[in-house]
Number of protein chains: 2
Amino acid sequence: MSEPRYTALARSLPASVPFVGPEAQERARGKAFTARIGANENVFGPAPSAIKAMQNTAAEVWMYGDPESHDLRQALAAHHDIPPENIMVGEGIDAMLGYLVRLLISPGDKVVTSAGAYPTFNYHVAGFGGDLITVPYVDDHEDPKSLVKKAKETDAKLIYLANPDNPMGSWHSAADIAEMISGLPENCLLILDEAYIEFAPAGTAPSLDISDQSVIRMRTFSKAYGMAGARVGYAIAHADLINSFNKVRNHFGMCRISQAGALAALADQSYLESIVEKVANARTRINEIATEHGLTTLPSAANFVAIDCGQDGEFARAVLAGLINRDIFVRMPFNAPQDRCIRISAGTARDMDAFAAALPGALADARKSI
Amino acid sequence: MSEPRYTALARSLPASVPFVGPEAQERARGKAFTARIGANENVFGPAPSAIKAMQNTAAEVWMYGDPESHDLRQALAAHHDIPPENIMVGEGIDAMLGYLVRLLISPGDKVVTSAGAYPTFNYHVAGFGGDLITVPYVDDHEDPKSLVKKAKETDAKLIYLANPDNPMGSWHSAADIAEMISGLPENCLLILDEAYIEFAPAGTAPSLDISDQSVIRMRTFSKAYGMAGARVGYAIAHADLINSFNKVRNHFGMCRISQAGALAALADQSYLESIVEKVANARTRINEIATEHGLTTLPSAANFVAIDCGQDGEFARAVLAGLINRDIFVRMPFNAPQDRCIRISAGTARDMDAFAAALPGALADARKSI
């Protein structure tokens, strides 16, 4: 048998999936979910103007998207008041993390993240042979101090920090992040993943310093803008770092319809504000539902809430299973002690009602089974 | 200045772009093109049912696409009469070529292609440090025999062949390709890029042998299906090779709208047939226009025609410049002697009229300037 000669690295990798999609779970269950509140998608959807822009572009999709995403980059530059040379648009933060890891990480290079942080980032680090080193959460927050300390100890090339954090929803102030940045080891790059930043209180994002080569910020249209399925993310960084993406990225990788949608979505900031408010209301509702059943929630600056199920990971996994059995798609942290929680995405009133109806049964099942 | 520590490979790469997009050219010119017939896009566009499916999905784009592209893979499996385990869907052939090169090529590994074949493939090979070895076209055809011979000599891991070929439009019979496959060196993988196969005469594609680990076929919705901007391609291969993509691909990389569009497009084979006919008519028209001005064309099995400008590359480049000056977006082969040609994509009647109107002036300019 004439087998392809994979690289040693490729042979060593598992054919793993960072997350199993809800559709795959539905196929396995043979049954649809009634509430899709497990992937921090924005159930309120994109702005009507963005939907219209995408619909209007469908017939033009015979054309490749502009490989420079020029119009979108110009609009983002105006929005953030920085030059377009400091912005790279890509196929979602996931793809951009992949490109960035590829640019920096060779087999054996060290990367520091929090244990239980973003699995897709870890997947990319493993995929390029990087050596992932983790530090624990402290009080359910990623810990900038220990991330920096560990990076110094290990001579790491990269640190990953999400602010607000996923899966806990916790966050740090801009001042704390700025302090972290000022203390970074020489030639260590901080990836500041701000996928959820639009949901966070004012004062969570440090100001953009495009002269600083030690930080790259990641933003997305997948969360607050409600366009996860469109795959539009962008990075903000020093122009040299931004330009380095041109060495490896898929230049013609952007969907033309998605480019048009993102451009329209960005222009409708009042819709964005209405979404942020709806999400805040949903967070309040999640807290009410949890409290009603004797559970506590963690404060959240994102479009989801971690509910502390009050016992260990085994118990929380049983609660999660009970919810899934009741047709509610939810997920939960992978690592102890954060895995005492389940993570509920902000949903519509109907989603929240379905969750409220399912929770007592799921809790009762879990209490019985453990 | 705290610079990121790029890998040695990343430092060695140019921030190059395989192609400059027509939008970038329009911005540089300060003027729009009147005919967009330079990127082998399908100006006739996707099926109305596919447009409708994309429009209907726009409001649902808050959901990530199914990372398994289950429905589309099932439909493709039925269409090709092979199991879905032998199909991988990805973000266009470009992205899939990148994943595949990543799986096989480490710095210094040898890859064989034709001089002047697909630049984006070469970009990926360079991007992973591969050593690209080229063999010349023979009579404006890629040459299976010399590709195989060179792969044997150099112990290459990969051979790239497009059938039909881009940029020349030439093709080989299924029997010739089958013969090439049977003569491949042990453990050498042939990438058979069939992006244009739907336009080719019956008998151009060898039958699909999913038990054979020595070939991977690449197909796309970008060309005959008219959805270049949607970014949907797929690979057909042995299940082990297909599954290896799961080690490195961006699992949540597919645009949900594009998935829906491709599914609908595939279902409308009668629309596809009508497109193939329109493209054939446009090829005839390109030949007529060329002949009228004393030029010859090469036979083409794709949605474009190479026009032999009758002199050298310098002259053809002057003709190309004259067409661009007259607002006609066209491209041409990079390598001699193929660069004696310009490459015209099949266009609408209006595109073809615009080309016909521009060509005499472009030729006159070129004759004056050379």
# chains A, B, ... in the order shown; residues from 1 in each chain; ligands from 1
$ residues_around --residues "Glu153 of chain A" --least-positions-apart "4" --cutoff "12 Å" --atoms "only C-alpha atoms" --output "mmCIF file with C-alpha atoms, in the first residue's frame"
data_model
loop_
_atom_site.group_PDB
_atom_site.id
_atom_site.type_symbol
_atom_site.label_atom_id
_atom_site.label_comp_id
_atom_site.auth_asym_id
_atom_site.auth_seq_id
_atom_site.Cartn_x
_atom_site.Cartn_y
_atom_site.Cartn_z
ATOM 1 C CA LYS A 110 6.993 27.201 24.652
ATOM 2 C CA VAL A 111 3.538 28.706 24.899
ATOM 3 C CA VAL A 112 1.795 29.687 28.122
ATOM 4 C CA ILE A 133 2.484 25.125 29.530
ATOM 5 C CA SER A 146 1.323 33.753 36.961
ATOM 6 C CA LEU A 147 1.037 33.718 33.150
ATOM 7 C CA VAL A 148 3.841 36.278 32.909
ATOM 8 C CA LYS A 149 5.909 34.570 35.598
ATOM 9 C CA LYS A 157 7.352 32.910 22.837
ATOM 10 C CA LEU A 184 5.934 40.964 29.662
ATOM 11 C CA PRO A 185 9.299 39.308 29.146
ATOM 12 C CA CYS A 188 7.271 37.413 24.319
#
$ residues_around --residues "segment 42-59 of chain A" --least-positions-apart "6" --cutoff "9 Å" --atoms "only C-alpha atoms" --output "MDAnalysis selection string"
(chainID A and resid 36 222:228 256:268 271:272 275 278:279 303 345:348) or (chainID B and resid 45:48 50:52 54:63 230 261)
$ closest_residue --among "B:Val20, B:Met352, B:Ala39, B:Leu97" --to "Pro67 of chain A" --atoms "only C-alpha atoms"
B:Val20
$ closest_residue --among "B:Asp365, B:Asp131, B:Asp155, B:Glu179" --to "chain A" --atoms "only C-alpha atoms"
B:Asp155
$ closest_residue --among "B:Ala205, B:Ile93, B:Ile342, B:Ala200" --to "chain A" --atoms "only C-alpha atoms"
B:Ile93
